[in-house]
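K.L.:
Contents of entry32.txt (compact mmCIF, C-alpha atoms) are given next:
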```txt
# COMPACT_ATOMS: atom_id res chain seq x y z
CA MET L 1 71.68 96.07 59.11
CA SER L 2 68.49 94.17 59.89
CA PRO L 3 65.22 95.25 61.55
CA SER L 4 65.40 95.67 65.32
CA PRO L 5 63.27 93.32 67.43
CA ASP L 6 62.81 95.98 70.14
CA SER L 7 62.23 98.95 67.80
CA PRO L 8 60.26 97.91 64.70
CA GLY L 9 61.44 99.78 61.64
CA THR L 10 64.80 100.58 63.22
CA ALA L 11 67.81 98.92 61.61
CA VAL L 12 70.19 97.00 63.85
CA PRO L 13 73.94 97.35 63.31
CA THR L 14 75.87 94.19 62.50
CA VAL L 15 78.63 92.80 64.71
CA GLU L 16 81.14 94.10 62.15
CA GLU L 17 79.64 97.60 62.26
CA LEU L 18 79.69 97.60 66.07
CA GLU L 19 83.32 96.46 66.12
CA ALA L 20 84.21 99.23 63.64
CA GLN L 21 82.57 101.79 65.96
CA GLU L 22 84.81 100.64 68.81
CA ARG L 23 87.93 100.89 66.65
CA ARG L 24 87.00 104.44 65.58
CA LEU L 25 85.76 105.93 68.83
CA VAL L 26 89.01 106.12 70.78
CA PHE L 27 90.22 108.97 72.99
CA ARG L 28 93.77 110.35 73.15
CA ARG L 29 93.15 111.03 76.85
CA PHE L 30 90.09 111.08 79.12
CA THR L 31 89.95 113.51 82.03
CA ASN L 32 87.28 114.45 84.54
CA ASP L 33 86.63 117.55 82.42
CA ASP L 34 86.19 115.34 79.35
CA ALA L 35 83.62 113.27 81.26
CA TRP L 36 81.73 116.45 82.19
CA ALA L 37 81.77 117.75 78.60
CA LEU L 38 80.72 114.40 77.11
CA GLY L 39 77.99 113.94 79.72
CA SER L 40 76.73 117.47 79.10
CA LEU L 41 76.62 116.77 75.35
CA LEU L 42 74.59 113.63 76.00
CA VAL L 43 72.17 115.62 78.18
CA GLU L 44 71.81 118.20 75.40
CA LEU L 45 71.12 115.53 72.75
CA ALA L 46 68.65 113.73 75.02
CA ARG L 47 66.81 116.96 75.86
CA GLU L 48 66.50 117.84 72.16
CA ARG L 49 64.74 114.48 71.70
CA ARG L 50 62.81 114.66 74.96
CA ALA L 51 64.36 111.29 75.76
CA PRO L 52 63.53 110.02 79.27
CA VAL L 53 67.02 108.72 79.97
CA ALA L 54 69.60 108.46 82.70
CA ILE L 55 73.23 109.04 81.72
CA ASP L 56 76.35 107.76 83.48
CA ILE L 57 80.08 108.03 82.88
CA HIS L 58 82.55 105.95 84.89
CA ARG L 59 86.33 105.75 84.85
CA ALA L 60 88.36 103.23 86.85
CA GLY L 61 85.49 102.48 89.22
CA GLN L 62 84.60 106.13 89.87
CA GLN L 63 81.41 107.80 88.70
CA LEU L 64 82.45 111.03 86.97
CA PHE L 65 79.05 112.07 85.59
CA HIS L 66 75.40 111.23 86.21
CA ALA L 67 72.19 112.84 85.05
CA ALA L 68 68.58 111.71 85.26
CA LEU L 69 66.32 113.47 82.77
CA PRO L 70 62.56 113.89 83.19
CA GLY L 71 60.78 110.58 82.70
CA SER L 72 63.72 108.45 83.80
CA THR L 73 63.33 106.29 86.90
CA PRO L 74 65.54 104.53 89.45
CA ASP L 75 65.14 101.42 87.27
CA ASN L 76 67.26 103.18 84.62
CA ASP L 77 70.10 103.44 87.15
CA ALA L 78 69.86 99.70 87.78
CA TRP L 79 70.05 99.05 84.02
CA ILE L 80 73.05 101.37 83.78
CA ALA L 81 74.90 99.38 86.43
CA ARG L 82 74.10 96.05 84.74
CA LYS L 83 75.16 97.27 81.27
CA ARG L 84 78.29 98.95 82.65
CA ARG L 85 79.38 95.68 84.28
CA VAL L 86 79.26 94.01 80.85
CA VAL L 87 81.61 96.66 79.44
CA GLU L 88 83.92 96.27 82.43
CA ARG L 89 83.99 92.47 82.12
CA TYR L 90 84.21 92.11 78.32
CA GLY L 91 85.93 95.38 77.33
CA SER L 92 83.31 95.90 74.61
CA ALA L 93 80.04 97.75 74.19
CA SER L 94 77.15 96.05 75.94
CA TYR L 95 75.21 95.95 72.66
CA LEU L 96 78.15 94.33 70.85
CA VAL L 97 78.47 91.67 73.54
CA GLY L 98 74.77 90.80 73.23
CA SER L 99 75.01 90.85 69.43
CA ARG L 100 77.92 88.41 69.45
CA PHE L 101 75.85 85.93 71.47
CA ARG L 102 72.85 86.39 69.14
CA ALA L 103 75.12 85.84 66.11
CA LYS L 104 76.00 82.44 67.60
CA GLY L 105 72.32 81.55 67.84
CA THR L 106 72.03 81.99 71.58
CA THR L 107 71.56 84.79 74.08
CA PHE L 108 73.80 86.38 76.68
CA GLU L 109 71.37 85.29 79.40
CA GLU L 110 71.43 81.64 78.24
CA SER L 111 75.15 81.27 77.57
CA SER L 112 77.24 83.74 79.58
CA ARG L 113 76.78 81.94 82.91
CA LEU L 114 76.55 85.39 84.55
CA ASP L 115 73.83 86.56 86.94
CA ALA L 116 71.18 88.46 84.92
CA ASP L 117 70.50 90.61 87.97
CA MET L 118 74.10 91.86 87.76
CA TYR L 119 74.84 91.89 84.00
CA ALA L 120 72.79 93.00 80.99
CA ALA L 121 74.19 92.76 77.46
CA HIS L 122 71.66 95.29 76.17
CA GLY L 123 72.53 98.40 74.19
CA GLY L 124 73.55 101.61 75.85
CA SER L 125 76.97 101.17 77.47
CA PHE L 126 80.07 101.90 75.42
CA PRO L 127 83.71 101.55 76.46
CA VAL L 128 85.82 104.63 77.03
CA THR L 129 88.99 103.54 75.29
CA VAL L 130 92.22 105.55 75.39
CA ALA L 131 94.76 104.99 72.60
CA ASP L 132 97.77 102.92 73.69
CA VAL L 133 96.08 102.26 77.05
CA GLY L 134 92.83 100.36 76.45
CA VAL L 135 89.41 100.45 78.07
CA ILE L 136 89.44 102.68 81.15
CA GLY L 137 85.73 103.26 81.69
CA SER L 138 82.30 103.49 80.15
CA VAL L 139 79.60 105.88 79.05
CA THR L 140 76.07 104.55 79.51
CA VAL L 141 72.52 105.60 78.65
CA SER L 142 69.32 103.89 79.77
CA GLY L 143 65.68 104.69 79.05
CA LEU L 144 65.13 104.02 75.34
CA PRO L 145 64.92 100.77 73.37
CA GLN L 146 68.40 99.24 73.46
CA VAL L 147 69.44 100.06 69.89
CA GLU L 148 68.41 103.70 70.47
CA ASP L 149 70.35 103.86 73.76
CA HIS L 150 73.39 102.57 71.87
CA ARG L 151 72.94 105.02 69.00
CA LEU L 152 72.60 108.00 71.34
CA VAL L 153 75.93 107.15 73.00
CA VAL L 154 77.65 106.59 69.65
CA GLU L 155 76.32 109.88 68.25
CA ALA L 156 77.63 111.78 71.29
CA LEU L 157 81.03 110.07 71.05
CA GLU L 158 81.27 110.84 67.33
CA ARG L 159 80.48 114.51 67.94
CA PHE L 160 82.79 114.75 70.95
CA LEU L 161 85.69 113.12 69.11
CA GLY L 162 85.05 115.23 66.01
CA GLU L 163 84.09 112.36 63.73
```
Go through the file and emit its structure as structure tokens.
P.N.:
Amino acid sequence: MSPSPDSPGTAVPTVEELEAQERRLVFRRFTNDDAWALGSLLVELARERRAPVAIDIHRAGQQLFHAALPGSTPDNDAWIARKRRVVERYGSASYLVGSRFRAKGTTFEESSRLDADMYAAHGGSFPVTVADVGVIGSVTVSGLPQVEDHRLVVEALERFLGE
């Protein structure tokens, strides 16, 4: 891990660590009730931290959960949509996608050839992956520095999946 450019003093996970998270954090199934429970856990974690975030869970193009905590703004919803599109397009966490570009000495914005108003490879959106099926959706947080958005989602997934 190296220091985070957007959160001084916060260590940034490596590409290998991010890829390992995706291999570990896999569901056996993912129902509407699972989305509600996971979203509620994220709300609980965010409230404990007084984090001004918006939370979103999508599956197969349908929004299953959304919450906007105090201090979040409509701009957070726009960031959620942009980060979610990265997960949908690449099948990987938005933070991992951005990290892969940075590891090549470039940025997502410079090299992806995608509209920055539609896609953001910033931390906070993580694929909902079902074993033997693949990526079926995403869970996204927006409102904190990108590495903290990512970590909040990963912590909730680890707790939810009993890691």
K.L.:
With a cut-off of 10 Å, could you pull out the residues of stretch 58-116 of chain L touching stretch 16-30 of chain L and give me the nearest pair of atoms for each, distance in Å to one decimal, using all atoms listed in the file, ordered by chain and ascending number, as CSV?
P.N.:
```
residue,atom,partner,partner_atom,distance
L:Arg59,CA,L:Phe30,CA,8.7
L:Ser92,CA,L:Glu22,CA,7.6
L:Ala93,CA,L:Glu22,CA,7.7
L:Tyr95,CA,L:Leu18,CA,8.1
L:Leu96,CA,L:Leu18,CA,6.0
L:Val97,CA,L:Leu18,CA,9.6
L:Ser99,CA,L:Leu18,CA,8.9
L:Arg100,CA,L:Glu16,CA,9.8
```
K.L.:
Please measure the separation of atom CA of L:Leu42 and atom CA of L:Glu155, giving the value in Å to one decimal.
P.N.:
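Atom CA of L:Glu155 lies 8.8 Å from atom CA of L:Leu42.
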K.L.:
Please determine, counting all atoms listed in the file, which residue among L:Ser125, L:Gln146, L:Gln62, L:Ser94 has the shortest atom-to-atom distance to L:Val15.
P.N.:
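The shortest atom-to-atom distance to L:Val15 comes from L:Ser94.
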K.L.:
For a test of reading the model, state the distance in Å between atom CA of L:Ala103 and atom CA of L:Ser142, rounded to one decimal.
P.N.:
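Taking atom CA of L:Ala103 as the start and atom CA of L:Ser142 as the end point, the length is 23.4 Å.
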K.L.:
Using only C-alpha atoms, what residues lie at most 12 Å away from (76.6, 96.4, 80.4) (file coordinates), given as an MDAnalysis selection string?
P.N.:
chainID L and resid 56 77:98 108 114 116:127 137:142 146 149:150
K.L.:
Just C-alpha atoms for this one: save the residues we selected as a tab-separated table (two decimals), in the frame of the given file.
P.N.:
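Below is the file result-v6.tsv, written as the result:
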```tsv
chain	number	residue	atom	x	y	z
L	56	ASP	CA	76.35	107.76	83.48
L	77	ASP	CA	70.10	103.44	87.15
L	78	ALA	CA	69.86	99.70	87.78
L	79	TRP	CA	70.05	99.05	84.02
L	80	ILE	CA	73.05	101.37	83.78
L	81	ALA	CA	74.90	99.38	86.43
L	82	ARG	CA	74.10	96.05	84.74
L	83	LYS	CA	75.16	97.27	81.27
L	84	ARG	CA	78.29	98.95	82.65
L	85	ARG	CA	79.38	95.68	84.28
L	86	VAL	CA	79.26	94.01	80.85
L	87	VAL	CA	81.61	96.66	79.44
L	88	GLU	CA	83.92	96.27	82.43
L	89	ARG	CA	83.99	92.47	82.12
L	90	TYR	CA	84.21	92.11	78.32
L	91	GLY	CA	85.93	95.38	77.33
L	92	SER	CA	83.31	95.90	74.61
L	93	ALA	CA	80.04	97.75	74.19
L	94	SER	CA	77.15	96.05	75.94
L	95	TYR	CA	75.21	95.95	72.66
L	96	LEU	CA	78.15	94.33	70.85
L	97	VAL	CA	78.47	91.67	73.54
L	98	GLY	CA	74.77	90.80	73.23
L	108	PHE	CA	73.80	86.38	76.68
L	114	LEU	CA	76.55	85.39	84.55
L	116	ALA	CA	71.18	88.46	84.92
L	117	ASP	CA	70.50	90.61	87.97
L	118	MET	CA	74.10	91.86	87.76
L	119	TYR	CA	74.84	91.89	84.00
L	120	ALA	CA	72.79	93.00	80.99
L	121	ALA	CA	74.19	92.76	77.46
L	122	HIS	CA	71.66	95.29	76.17
L	123	GLY	CA	72.53	98.40	74.19
L	124	GLY	CA	73.55	101.61	75.85
L	125	SER	CA	76.97	101.17	77.47
L	126	PHE	CA	80.07	101.90	75.42
L	127	PRO	CA	83.71	101.55	76.46
L	137	GLY	CA	85.73	103.26	81.69
L	138	SER	CA	82.30	103.49	80.15
L	139	VAL	CA	79.60	105.88	79.05
L	140	THR	CA	76.07	104.55	79.51
L	141	VAL	CA	72.52	105.60	78.65
L	142	SER	CA	69.32	103.89	79.77
L	146	GLN	CA	68.40	99.24	73.46
L	149	ASP	CA	70.35	103.86	73.76
L	150	HIS	CA	73.39	102.57	71.87
```
K.L.:
Check the smallest atom-to-atom distance from each of L:Val147, L:Val43, L:Arg50, L:Ala68 to L:Thr14 using all atoms listed in the file, then report the winner.
P.N.:
L:Val147
K.L.:
Could you state the separation of atom CA of L:Leu157 and atom CA of L:Leu41 in Å, given to one decimal place?
P.N.:
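It comes out at 9.1 Å.
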K.L.:
With 6 Å added on each side, what axis-aligned box encloses every listed atom of stretch 89-93 of chain L? Give the centre and edge lengths in Å to one decimal, as lines of an AutoDock Vina configuration file.
P.N.:
```
center_x = 83.0
center_y = 94.9
center_z = 78.2
size_x = 17.9
size_y = 17.6
size_z = 19.9
```
